[in-house]
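Next comes input.json, with JSON, C-alpha atoms.
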[["chain", "number", "residue", "atom", "x", "y", "z"],
["A", 236, "MET", "CA", 35.23, 92.40, 141.63],
["A", 237, "LYS", "CA", 36.69, 92.57, 138.15],
["A", 238, "LEU", "CA", 34.37, 92.88, 135.19],
["A", 239, "GLU", "CA", 35.37, 92.79, 131.58],
["A", 240, "PHE", "CA", 33.66, 95.00, 129.01],
["A", 241, "GLU", "CA", 33.71, 95.14, 125.27],
["A", 242, "VAL", "CA", 33.19, 98.48, 123.52],
["A", 243, "ALA", "CA", 32.31, 98.60, 119.82],
["A", 244, "VAL", "CA", 32.92, 101.92, 118.08],
["A", 245, "THR", "CA", 31.56, 102.49, 114.57],
["A", 246, "LEU", "CA", 31.09, 105.51, 112.34],
["A", 247, "LYS", "CA", 27.52, 106.82, 112.48],
["A", 248, "GLU", "CA", 25.08, 105.63, 109.84],
["A", 249, "GLY", "CA", 25.05, 107.98, 106.89],
["A", 250, "LEU", "CA", 28.66, 109.00, 107.35],
["A", 251, "LEU", "CA", 30.91, 107.85, 104.53],
["A", 252, "ASP", "CA", 33.11, 105.00, 105.79],
["A", 253, "PRO", "CA", 35.85, 104.74, 103.14],
["A", 254, "GLN", "CA", 37.39, 101.72, 104.85],
["A", 255, "GLY", "CA", 34.09, 99.85, 104.80],
["A", 256, "LYS", "CA", 33.61, 100.88, 101.18],
["A", 257, "ALA", "CA", 37.03, 99.53, 100.19],
["A", 258, "VAL", "CA", 36.18, 96.19, 101.82],
["A", 259, "GLU", "CA", 32.76, 96.18, 100.16],
["A", 260, "GLU", "CA", 34.31, 96.74, 96.74],
["A", 261, "ALA", "CA", 36.50, 93.66, 97.23],
["A", 262, "LEU", "CA", 33.50, 91.39, 97.86],
["A", 263, "PRO", "CA", 32.22, 90.83, 94.28],
["A", 264, "ALA", "CA", 35.76, 90.08, 93.12],
["A", 265, "MET", "CA", 35.73, 87.17, 95.54],
["A", 266, "GLY", "CA", 32.37, 85.95, 94.36],
["A", 267, "TRP", "CA", 30.27, 87.32, 97.23],
["A", 268, "GLU", "CA", 27.67, 89.32, 95.32],
["A", 269, "ASN", "CA", 25.08, 89.18, 98.11],
["A", 270, "VAL", "CA", 27.07, 90.84, 100.91],
["A", 271, "SER", "CA", 26.67, 94.59, 101.37],
["A", 272, "HIS", "CA", 26.59, 97.49, 103.87],
["A", 273, "VAL", "CA", 30.05, 96.83, 105.25],
["A", 274, "ARG", "CA", 31.08, 99.18, 108.09],
["A", 275, "VAL", "CA", 34.50, 98.97, 109.71],
["A", 276, "GLY", "CA", 34.90, 100.03, 113.32],
["A", 277, "LYS", "CA", 37.03, 99.17, 116.30],
["A", 278, "LEU", "CA", 36.62, 96.94, 119.29],
["A", 279, "VAL", "CA", 38.04, 97.84, 122.69],
["A", 280, "ARG", "CA", 38.20, 95.47, 125.66],
["A", 281, "MET", "CA", 38.82, 96.64, 129.19],
["A", 282, "THR", "CA", 38.62, 95.41, 132.74],
["A", 283, "VAL", "CA", 36.91, 97.51, 135.40],
["A", 284, "GLU", "CA", 37.56, 96.86, 139.07],
["A", 285, "VAL", "CA", 34.83, 98.17, 141.38],
["A", 286, "ASP", "CA", 32.52, 96.80, 144.08],
["A", 287, "ASP", "CA", 29.22, 96.46, 142.32],
["A", 288, "PRO", "CA", 28.35, 95.54, 138.76],
["A", 289, "GLU", "CA", 26.08, 98.53, 138.19],
["A", 290, "ALA", "CA", 28.82, 100.99, 139.07],
["A", 291, "ALA", "CA", 31.18, 99.06, 136.81],
["A", 292, "ALA", "CA", 28.75, 99.29, 133.90],
["A", 293, "ALA", "CA", 28.23, 103.01, 134.48],
["A", 294, "LEU", "CA", 31.98, 103.60, 134.56],
["A", 295, "ALA", "CA", 32.55, 101.55, 131.39],
["A", 296, "GLU", "CA", 29.81, 103.57, 129.68],
["A", 297, "GLU", "CA", 31.42, 106.85, 130.76],
["A", 298, "VAL", "CA", 34.89, 105.80, 129.54],
["A", 299, "ALA", "CA", 33.37, 104.73, 126.22],
["A", 300, "ARG", "CA", 31.48, 107.98, 125.70],
["A", 301, "ARG", "CA", 34.07, 110.45, 126.95],
["A", 302, "LEU", "CA", 37.25, 108.89, 125.59],
["A", 303, "LEU", "CA", 36.84, 105.88, 123.33],
["A", 304, "ALA", "CA", 34.32, 107.40, 120.91],
["A", 305, "ASN", "CA", 33.69, 110.84, 119.48],
["A", 306, "PRO", "CA", 29.90, 111.28, 119.69],
["A", 307, "VAL", "CA", 30.01, 113.72, 116.76],
["A", 308, "ILE", "CA", 30.90, 110.97, 114.29],
["A", 309, "GLU", "CA", 30.75, 107.65, 116.10],
["A", 310, "ASP", "CA", 28.23, 105.33, 117.71],
["A", 311, "VAL", "CA", 29.33, 103.29, 120.68],
["A", 312, "LYS", "CA", 27.96, 100.08, 122.20],
["A", 313, "VAL", "CA", 29.15, 98.78, 125.56],
["A", 314, "ARG", "CA", 28.65, 95.14, 126.52],
["A", 315, "ALA", "CA", 29.60, 93.32, 129.72],
["A", 316, "LEU", "CA", 31.53, 90.08, 129.27],
["A", 317, "GLU", "CA", 31.93, 87.26, 131.77],
["A", 318, "GLU", "CA", 33.22, 88.11, 135.23],
["A", 319, "THR", "CA", 36.99, 87.47, 135.40],
["J", 260, "MET", "CA", 54.87, 145.86, 120.08],
["J", 261, "ARG", "CA", 55.82, 142.35, 118.97],
["J", 262, "PRO", "CA", 52.90, 140.07, 119.78],
["J", 263, "ARG", "CA", 53.85, 136.90, 121.65],
["J", 264, "ILE", "CA", 52.55, 133.78, 119.94],
["J", 265, "ALA", "CA", 52.65, 130.51, 121.87],
["J", 266, "VAL", "CA", 53.17, 127.34, 119.87],
["J", 267, "VAL", "CA", 52.25, 124.19, 121.80],
["J", 268, "THR", "CA", 54.39, 121.08, 121.40],
["J", 269, "PHE", "CA", 52.62, 117.80, 122.15],
["J", 270, "PRO", "CA", 54.58, 114.54, 122.04],
["J", 271, "GLY", "CA", 54.30, 113.76, 118.33],
["J", 272, "SER", "CA", 53.87, 117.34, 117.10],
["J", 273, "ASN", "CA", 56.16, 117.89, 114.12],
["J", 274, "ASP", "CA", 55.24, 121.27, 112.66],
["J", 275, "ASP", "CA", 55.90, 123.19, 115.87],
["J", 276, "ARG", "CA", 59.35, 124.34, 114.67],
["J", 277, "ASP", "CA", 57.96, 125.62, 111.37],
["J", 278, "ALA", "CA", 55.17, 127.44, 113.21],
["J", 279, "LEU", "CA", 57.66, 129.09, 115.60],
["J", 280, "ARG", "CA", 59.84, 130.06, 112.64],
["J", 281, "ALA", "CA", 56.90, 131.46, 110.66],
["J", 282, "VAL", "CA", 55.88, 133.61, 113.65],
["J", 283, "ARG", "CA", 59.44, 134.99, 113.89],
["J", 284, "GLU", "CA", 59.76, 135.55, 110.11],
["J", 285, "MET", "CA", 56.48, 137.42, 110.06],
["J", 286, "GLY", "CA", 57.49, 139.73, 112.93],
["J", 287, "GLY", "CA", 56.02, 138.11, 116.03],
["J", 288, "GLU", "CA", 57.75, 136.74, 119.10],
["J", 289, "PRO", "CA", 57.55, 132.94, 119.15],
["J", 290, "VAL", "CA", 56.96, 131.33, 122.55],
["J", 291, "PRO", "CA", 57.47, 127.54, 122.75],
["J", 292, "VAL", "CA", 55.05, 125.87, 125.17],
["J", 293, "TRP", "CA", 55.12, 122.22, 126.31],
["J", 294, "HIS", "CA", 51.98, 120.06, 126.54],
["J", 295, "ARG", "CA", 52.43, 119.66, 130.32],
["J", 296, "ASP", "CA", 52.67, 123.42, 130.89],
["J", 297, "THR", "CA", 49.78, 124.94, 132.75],
["J", 298, "ASP", "CA", 50.24, 128.52, 131.58],
["J", 299, "LEU", "CA", 50.91, 130.17, 128.23],
["J", 300, "GLN", "CA", 53.60, 132.56, 129.48],
["J", 301, "GLY", "CA", 51.50, 135.62, 128.81],
["J", 302, "ALA", "CA", 51.05, 134.85, 125.12],
["J", 303, "ASP", "CA", 48.72, 137.01, 123.06],
["J", 304, "GLY", "CA", 47.86, 134.25, 120.61],
["J", 305, "VAL", "CA", 48.16, 130.47, 120.54],
["J", 306, "ILE", "CA", 48.93, 128.02, 117.74],
["J", 307, "LEU", "CA", 48.31, 124.28, 118.02],
["J", 308, "PRO", "CA", 50.59, 122.91, 115.32],
["J", 309, "GLY", "CA", 50.42, 119.93, 112.99],
["J", 310, "GLY", "CA", 51.75, 116.46, 113.64],
["J", 311, "PHE", "CA", 50.49, 113.37, 115.41],
["J", 312, "ALA", "CA", 49.88, 114.37, 119.03],
["J", 313, "TYR", "CA", 50.23, 111.38, 121.37],
["J", 314, "GLY", "CA", 50.62, 109.30, 118.19],
["J", 315, "ASP", "CA", 46.98, 109.93, 117.25],
["J", 316, "TYR", "CA", 46.52, 106.33, 118.39],
["J", 317, "LEU", "CA", 42.94, 106.47, 119.62],
["J", 318, "ARG", "CA", 41.58, 109.10, 117.20],
["J", 319, "CYS", "CA", 43.40, 112.09, 115.75],
["J", 320, "GLY", "CA", 43.72, 114.72, 118.44],
["J", 321, "ALA", "CA", 41.62, 112.82, 120.99],
["J", 322, "ILE", "CA", 44.12, 112.34, 123.78],
["J", 323, "ALA", "CA", 45.74, 115.75, 123.20],
["J", 324, "GLY", "CA", 42.34, 117.29, 123.89],
["J", 325, "PHE", "CA", 42.82, 116.24, 127.55],
["J", 326, "ALA", "CA", 46.43, 117.49, 127.89],
["J", 327, "PRO", "CA", 47.20, 119.82, 130.85],
["J", 328, "VAL", "CA", 48.02, 122.70, 128.47],
["J", 329, "MET", "CA", 44.48, 122.58, 127.09],
["J", 330, "ASP", "CA", 43.12, 124.17, 130.30],
["J", 331, "PRO", "CA", 44.92, 127.50, 129.71],
["J", 332, "VAL", "CA", 44.22, 127.17, 125.97],
["J", 333, "ARG", "CA", 40.50, 126.86, 126.79],
["J", 334, "ASP", "CA", 40.68, 129.91, 129.09],
["J", 335, "HIS", "CA", 42.51, 131.84, 126.37],
["J", 336, "ALA", "CA", 39.83, 130.90, 123.83],
["J", 337, "ARG", "CA", 36.96, 131.75, 126.20],
["J", 338, "SER", "CA", 38.44, 135.18, 126.86],
["J", 339, "GLY", "CA", 38.10, 135.92, 123.14],
["J", 340, "ARG", "CA", 41.80, 135.85, 122.30],
["J", 341, "PRO", "CA", 43.05, 134.17, 119.10],
["J", 342, "VAL", "CA", 43.69, 130.43, 118.85],
["J", 343, "LEU", "CA", 44.70, 128.73, 115.60],
["J", 344, "GLY", "CA", 44.74, 124.96, 115.15],
["J", 345, "ILE", "CA", 46.60, 123.76, 112.09],
["J", 346, "CYS", "CA", 45.96, 120.22, 110.74],
["J", 347, "ASN", "CA", 46.44, 118.05, 113.84],
["J", 348, "GLY", "CA", 45.81, 121.23, 115.86],
["J", 349, "PHE", "CA", 42.43, 121.55, 114.09],
["J", 350, "GLN", "CA", 41.66, 117.94, 115.06],
["J", 351, "VAL", "CA", 42.64, 118.72, 118.67],
["J", 352, "LEU", "CA", 40.32, 121.78, 118.77],
["J", 353, "CYS", "CA", 37.39, 119.68, 117.48],
["J", 354, "GLU", "CA", 38.09, 116.88, 119.96],
["J", 355, "ALA", "CA", 38.40, 119.42, 122.78],
["J", 356, "GLY", "CA", 34.97, 120.82, 121.89],
["J", 357, "LEU", "CA", 36.32, 124.27, 120.98],
["J", 358, "LEU", "CA", 35.19, 123.86, 117.37],
["J", 359, "PRO", "CA", 32.12, 122.04, 116.01],
["J", 360, "GLY", "CA", 32.26, 118.87, 113.90],
["J", 361, "ALA", "CA", 35.09, 116.39, 113.48],
["J", 362, "LEU", "CA", 37.81, 115.34, 111.07],
["J", 363, "THR", "CA", 37.91, 111.83, 109.78],
["J", 364, "ARG", "CA", 39.51, 109.58, 107.17],
["J", 365, "ASN", "CA", 39.96, 111.18, 103.72],
["J", 366, "ALA", "CA", 37.26, 110.00, 101.32],
["J", 367, "GLY", "CA", 39.89, 108.41, 99.05],
["J", 368, "LEU", "CA", 41.66, 106.77, 102.05],
["J", 369, "ALA", "CA", 45.04, 108.01, 100.71],
["J", 370, "PHE", "CA", 47.31, 110.42, 102.54],
["J", 371, "VAL", "CA", 47.28, 113.64, 100.50],
["J", 372, "CYS", "CA", 50.43, 115.79, 100.36],
["J", 373, "ARG", "CA", 50.41, 118.65, 97.86],
["J", 374, "VAL", "CA", 49.82, 122.35, 97.38],
["J", 375, "ILE", "CA", 46.12, 123.19, 97.12],
["J", 376, "ARG", "CA", 44.09, 126.40, 96.95],
["J", 377, "VAL", "CA", 41.58, 127.73, 99.42],
["J", 378, "ARG", "CA", 39.15, 130.61, 99.10],
["J", 379, "VAL", "CA", 38.86, 133.07, 101.98],
["J", 380, "GLU", "CA", 35.20, 133.13, 103.05],
["J", 381, "THR", "CA", 35.25, 135.63, 105.90],
["J", 382, "MET", "CA", 37.42, 138.45, 107.25],
["J", 383, "THR", "CA", 35.84, 138.42, 110.70],
["J", 384, "THR", "CA", 38.55, 136.31, 112.31],
["J", 385, "PRO", "CA", 41.91, 137.54, 113.61],
["J", 386, "PHE", "CA", 43.56, 135.22, 111.07],
["J", 387, "THR", "CA", 41.87, 136.62, 107.95],
["J", 388, "ALA", "CA", 41.34, 140.27, 108.87],
["J", 389, "ALA", "CA", 43.98, 141.42, 106.36],
["J", 390, "ALA", "CA", 42.56, 139.30, 103.50],
["J", 391, "GLU", "CA", 39.67, 140.01, 101.16],
["J", 392, "PRO", "CA", 36.72, 137.62, 100.94],
["J", 393, "GLY", "CA", 37.21, 135.63, 97.74],
["J", 394, "ASP", "CA", 41.01, 135.77, 97.92],
["J", 395, "VAL", "CA", 42.52, 132.51, 96.72],
["J", 396, "LEU", "CA", 45.49, 131.31, 98.79],
["J", 397, "GLU", "CA", 48.01, 128.65, 97.77],
["J", 398, "ILE", "CA", 48.95, 126.57, 100.79],
["J", 399, "PRO", "CA", 50.12, 122.95, 101.18],
["J", 400, "ILE", "CA", 48.11, 120.19, 102.82],
["J", 401, "LYS", "CA", 49.46, 116.89, 104.17],
["J", 402, "HIS", "CA", 47.00, 114.67, 105.96],
["J", 403, "GLY", "CA", 45.26, 111.31, 105.95],
["J", 404, "GLU", "CA", 42.35, 112.34, 108.14],
["J", 405, "GLY", "CA", 41.22, 115.79, 107.08],
["J", 406, "ARG", "CA", 37.68, 115.22, 105.86],
["J", 407, "PHE", "CA", 35.55, 117.66, 107.83],
["J", 408, "VAL", "CA", 32.20, 116.20, 108.84],
["J", 409, "ALA", "CA", 29.30, 117.37, 110.98],
["J", 410, "ASP", "CA", 25.62, 116.51, 111.17],
["J", 411, "LEU", "CA", 23.25, 118.48, 108.92],
["J", 412, "ASP", "CA", 21.99, 120.77, 111.69],
["J", 413, "THR", "CA", 25.53, 121.67, 112.70],
["J", 414, "LEU", "CA", 26.52, 122.30, 109.07],
["J", 415, "ALA", "CA", 23.51, 124.57, 108.60],
["J", 416, "ARG", "CA", 24.38, 126.48, 111.76],
["J", 417, "ILE", "CA", 28.03, 126.85, 110.70],
["J", 418, "GLU", "CA", 26.93, 128.24, 107.33],
["J", 419, "ASP", "CA", 24.23, 130.53, 108.78],
["J", 420, "ARG", "CA", 26.64, 132.10, 111.23],
["J", 421, "GLY", "CA", 29.40, 132.54, 108.66],
["J", 422, "GLN", "CA", 31.83, 130.27, 110.49],
["J", 423, "VAL", "CA", 33.38, 128.81, 107.34],
["J", 424, "VAL", "CA", 36.76, 130.53, 107.00],
["J", 425, "PHE", "CA", 38.30, 128.65, 104.05],
["J", 426, "ARG", "CA", 36.95, 126.38, 101.32],
["J", 427, "TYR", "CA", 38.99, 124.21, 98.94],
["J", 428, "CYS", "CA", 38.72, 125.76, 95.49],
["J", 429, "GLY", "CA", 40.11, 125.95, 91.97],
["J", 430, "PRO", "CA", 42.58, 128.51, 90.57],
["J", 431, "GLU", "CA", 39.83, 131.11, 90.09],
["J", 432, "GLY", "CA", 38.15, 130.37, 93.40],
["J", 433, "GLN", "CA", 35.59, 128.01, 91.87],
["J", 434, "LEU", "CA", 34.03, 125.41, 94.15],
["J", 435, "ASP", "CA", 33.87, 121.96, 92.61],
["J", 436, "ASP", "CA", 34.30, 118.44, 93.93],
["J", 437, "ALA", "CA", 37.33, 118.15, 91.65],
["J", 438, "PHE", "CA", 39.14, 120.62, 93.94],
["J", 439, "ASN", "CA", 38.10, 118.93, 97.18],
["J", 440, "PRO", "CA", 41.15, 116.87, 98.20],
["J", 441, "ASN", "CA", 39.57, 114.86, 101.02],
["J", 442, "GLY", "CA", 35.78, 114.88, 100.57],
["J", 443, "ALA", "CA", 35.21, 117.55, 103.25],
["J", 444, "ALA", "CA", 31.57, 118.57, 103.76],
["J", 445, "HIS", "CA", 30.78, 121.86, 101.98],
["J", 446, "GLN", "CA", 34.46, 121.91, 100.82],
["J", 447, "ILE", "CA", 35.35, 123.17, 104.31],
["J", 448, "ALA", "CA", 39.12, 123.57, 104.74],
["J", 449, "GLY", "CA", 38.90, 125.80, 107.80],
["J", 450, "LEU", "CA", 36.28, 127.11, 110.19],
["J", 451, "SER", "CA", 35.89, 129.23, 113.29],
["J", 452, "ASN", "CA", 33.87, 129.10, 116.48],
["J", 453, "GLU", "CA", 30.80, 131.35, 116.74],
["J", 454, "GLU", "CA", 32.83, 134.21, 118.20],
["J", 455, "GLY", "CA", 35.41, 133.96, 115.40],
["J", 456, "ASN", "CA", 38.50, 133.95, 117.65],
["J", 457, "VAL", "CA", 39.18, 130.21, 117.42],
["J", 458, "VAL", "CA", 40.04, 128.92, 113.95],
["J", 459, "GLY", "CA", 40.99, 125.45, 112.75],
["J", 460, "MET", "CA", 42.29, 124.62, 109.30],
["J", 461, "MET", "CA", 43.74, 121.60, 107.52],
["J", 462, "PRO", "CA", 46.14, 123.52, 105.20],
["J", 463, "HIS", "CA", 49.51, 124.56, 106.64],
["J", 464, "PRO", "CA", 50.05, 128.34, 106.54],
["J", 465, "GLU", "CA", 53.30, 127.93, 108.51],
["J", 466, "HIS", "CA", 54.77, 126.07, 105.49],
["J", 467, "ALA", "CA", 53.72, 128.88, 103.14],
["J", 468, "VAL", "CA", 55.44, 132.05, 104.32],
["J", 469, "ASP", "CA", 58.90, 131.78, 102.77],
["J", 470, "PRO", "CA", 59.10, 132.40, 98.97],
["J", 471, "ASP", "CA", 62.38, 130.44, 98.86],
["J", 472, "VAL", "CA", 60.66, 127.16, 99.61],
["J", 473, "GLY", "CA", 57.20, 127.35, 98.06],
["J", 474, "PRO", "CA", 53.96, 129.29, 97.87],
["J", 475, "THR", "CA", 53.31, 132.20, 100.24],
["J", 476, "GLY", "CA", 49.57, 131.83, 100.80],
["J", 477, "GLY", "CA", 50.14, 131.53, 104.55],
["J", 478, "GLN", "CA", 51.61, 135.00, 104.98],
["J", 479, "VAL", "CA", 48.26, 136.78, 105.15],
["J", 480, "LEU", "CA", 47.21, 134.68, 108.15],
["J", 481, "PHE", "CA", 50.23, 135.73, 110.18],
["J", 482, "GLU", "CA", 49.94, 139.34, 108.98],
["J", 483, "SER", "CA", 46.29, 139.35, 110.03],
["J", 484, "LEU", "CA", 47.04, 137.81, 113.42],
["J", 485, "LEU", "CA", 49.95, 140.10, 114.26],
["J", 486, "SER", "CA", 48.28, 143.29, 113.06],
["J", 487, "SER", "CA", 45.00, 142.50, 114.84],
["J", 488, "LEU", "CA", 46.92, 141.90, 118.08],
["J", 489, "VAL", "CA", 48.86, 145.16, 117.66],
["J", 490, "ALA", "CA", 45.58, 146.99, 116.97],
["J", 491, "ALA", "CA", 43.95, 145.40, 120.04],
["J", 492, "ALA", "CA", 46.86, 146.52, 122.24],
["J", 493, "THR", "CA", 46.76, 150.18, 121.20]]

What would the structure in this file look like if it were written as structure tokens?
Amino acid sequence: MKLEFEVAVTLKEGLLDPQGKAVEEALPAMGWENVSHVRVGKLVRMTVEVDDPEAAAALAEEVARRLLANPVIEDVKVRALEET
Amino acid sequence: MRPRIAVVTFPGSNDDRDALRAVREMGGEPVPVWHRDTDLQGADGVILPGGFAYGDYLRCGAIAGFAPVMDPVRDHARSGRPVLGICNGFQVLCEAGLLPGALTRNAGLAFVCRVIRVRVETMTTPFTAAAEPGDVLEIPIKHGEGRFVADLDTLARIEDRGQVVFRYCGPEGQLDDAFNPNGAAHQIAGLSNEEGNVVGMMPHPEHAVDPDVGPTGGQVLFESLLSSLVAAAT
């Protein structure tokens, strides 16, 4: 069984995100005065091939926490996509 | 005795040559080590140099933290012997869990490349033993992701235990945001582990040992390292 996962990595709340800030500062110039709190992160997709979906989810979670994100500065959210 | 100092080359390291040269110029015996090596050839001290290990593609220093050579580096650190991470090497030490906190994008987003000043905050590391607290060193920086961050509890613990080794400062050692090139928390330019034997720093002491090519603020780090190793051996 192959399962696809999507991992979203963002800087923790409260940590200065200069990239998000740069985007935010461009908003009023384009006429969007009512958009705020922009945070820029990264999105990782991966396919996990194991027998049961629970083990796949656990493995995806472990990969996300141990490699894809640094828990000191980043939050990570793992989401299962459709079976491929 | 000429202390043997290993300098690790990861794919993408680019300050390894300068680090090896600085060790030799300052009287040590440079020992080149490859990232796939599983021993440090009996080195007394280890330097993780600057650059872009494994391209820094995932996060700076992240993949290097899992390199085979990091096992003997970890053992070396745990046995209380000196380890210095410079710039990318500092990022690797944080990612490998040998130093607290993390280094992330400079507050101004720009890559910063210039000579700055740091104030020596502690002498209780093998890399600052020959300095005086309050000494101001001129050393270059060159990084895009050198803003030291940690959560408030970690920062408080680092400060309480005197783990801050260098802070960005002005010409007279004054601490002011104007002298903080990357927005680092508490103006931290370098810090140590609790034991003091593992130090990471964003400035490049290996580029600051030869008066012919710039400032010499890096000399005292190598002097400290080599003399503390000689003292430990006798």

Practice prompt. At a cut-off of 7 Å, list the chain J residues touching chain A, using only C-alpha atoms, as a list in words.
Written response: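 Close enough to count are Gly360, Ala361, Ala366, Gly367, Leu368 and Ala409 of chain J.
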
Fill in: Best match for closeness to Phe325 in chain J among J:Val282, J:Gly403, J:Arg373, J:Phe269, counting all atoms listed in the file
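Of the candidates, the smallest distance to Phe325 in chain J is held by J:Phe269.
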
Worksheet item: Leaving out Cys353 in chain J and any residue of its chain fewer than 6 positions from it, which residues lie within 12 Å of it when counting all atoms listed in the file, given as number ranges by chain?
Response: A: 305-308; J: 307, 318-325, 343-347, 359-363, 405, 407-409, 449-452, 457-461

Could you dump the residues just selected with C-alpha atoms as a PDB file, in the coordinates of the input?
ATOM      1  CA  ASN A 305      33.690 110.840 119.480  1.00  0.00           C
ATOM      2  CA  PRO A 306      29.900 111.280 119.690  1.00  0.00           C
ATOM      3  CA  VAL A 307      30.010 113.720 116.760  1.00  0.00           C
ATOM      4  CA  ILE A 308      30.900 110.970 114.290  1.00  0.00           C
TER       5      ILE A 308
ATOM      6  CA  LEU J 307      48.310 124.280 118.020  1.00  0.00           C
ATOM      7  CA  ARG J 318      41.580 109.100 117.200  1.00  0.00           C
ATOM      8  CA  CYS J 319      43.400 112.090 115.750  1.00  0.00           C
ATOM      9  CA  GLY J 320      43.720 114.720 118.440  1.00  0.00           C
ATOM     10  CA  ALA J 321      41.620 112.820 120.990  1.00  0.00           C
ATOM     11  CA  ILE J 322      44.120 112.340 123.780  1.00  0.00           C
ATOM     12  CA  ALA J 323      45.740 115.750 123.200  1.00  0.00           C
ATOM     13  CA  GLY J 324      42.340 117.290 123.890  1.00  0.00           C
ATOM     14  CA  PHE J 325      42.820 116.240 127.550  1.00  0.00           C
ATOM     15  CA  LEU J 343      44.700 128.730 115.600  1.00  0.00           C
ATOM     16  CA  GLY J 344      44.740 124.960 115.150  1.00  0.00           C
ATOM     17  CA  ILE J 345      46.600 123.760 112.090  1.00  0.00           C
ATOM     18  CA  CYS J 346      45.960 120.220 110.740  1.00  0.00           C
ATOM     19  CA  ASN J 347      46.440 118.050 113.840  1.00  0.00           C
ATOM     20  CA  PRO J 359      32.120 122.040 116.010  1.00  0.00           C
ATOM     21  CA  GLY J 360      32.260 118.870 113.900  1.00  0.00           C
ATOM     22  CA  ALA J 361      35.090 116.390 113.480  1.00  0.00           C
ATOM     23  CA  LEU J 362      37.810 115.340 111.070  1.00  0.00           C
ATOM     24  CA  THR J 363      37.910 111.830 109.780  1.00  0.00           C
ATOM     25  CA  GLY J 405      41.220 115.790 107.080  1.00  0.00           C
ATOM     26  CA  PHE J 407      35.550 117.660 107.830  1.00  0.00           C
ATOM     27  CA  VAL J 408      32.200 116.200 108.840  1.00  0.00           C
ATOM     28  CA  ALA J 409      29.300 117.370 110.980  1.00  0.00           C
ATOM     29  CA  GLY J 449      38.900 125.800 107.800  1.00  0.00           C
ATOM     30  CA  LEU J 450      36.280 127.110 110.190  1.00  0.00           C
ATOM     31  CA  SER J 451      35.890 129.230 113.290  1.00  0.00           C
ATOM     32  CA  ASN J 452      33.870 129.100 116.480  1.00  0.00           C
ATOM     33  CA  VAL J 457      39.180 130.210 117.420  1.00  0.00           C
ATOM     34  CA  VAL J 458      40.040 128.920 113.950  1.00  0.00           C
ATOM     35  CA  GLY J 459      40.990 125.450 112.750  1.00  0.00           C
ATOM     36  CA  MET J 460      42.290 124.620 109.300  1.00  0.00           C
ATOM     37  CA  MET J 461      43.740 121.600 107.520  1.00  0.00           C
TER      38      MET J 461
END

All file atoms of range 380-389 of chain J boxed axis-aligned, 6 Å per side, centre plus edges, as lines of an AutoDock Vina configuration file:
center_x = 39.6
center_y = 137.3
center_z = 108.3
size_x = 20.8
size_y = 20.3
size_z = 22.6

Practice prompt. Find the distance between CA of Val489 in chain J and CA of Val395 in chain J and write it in Å to one decimal.
Written response: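 Taking CA of Val489 in chain J and CA of Val395 in chain J, their separation equals 25.3 Å.
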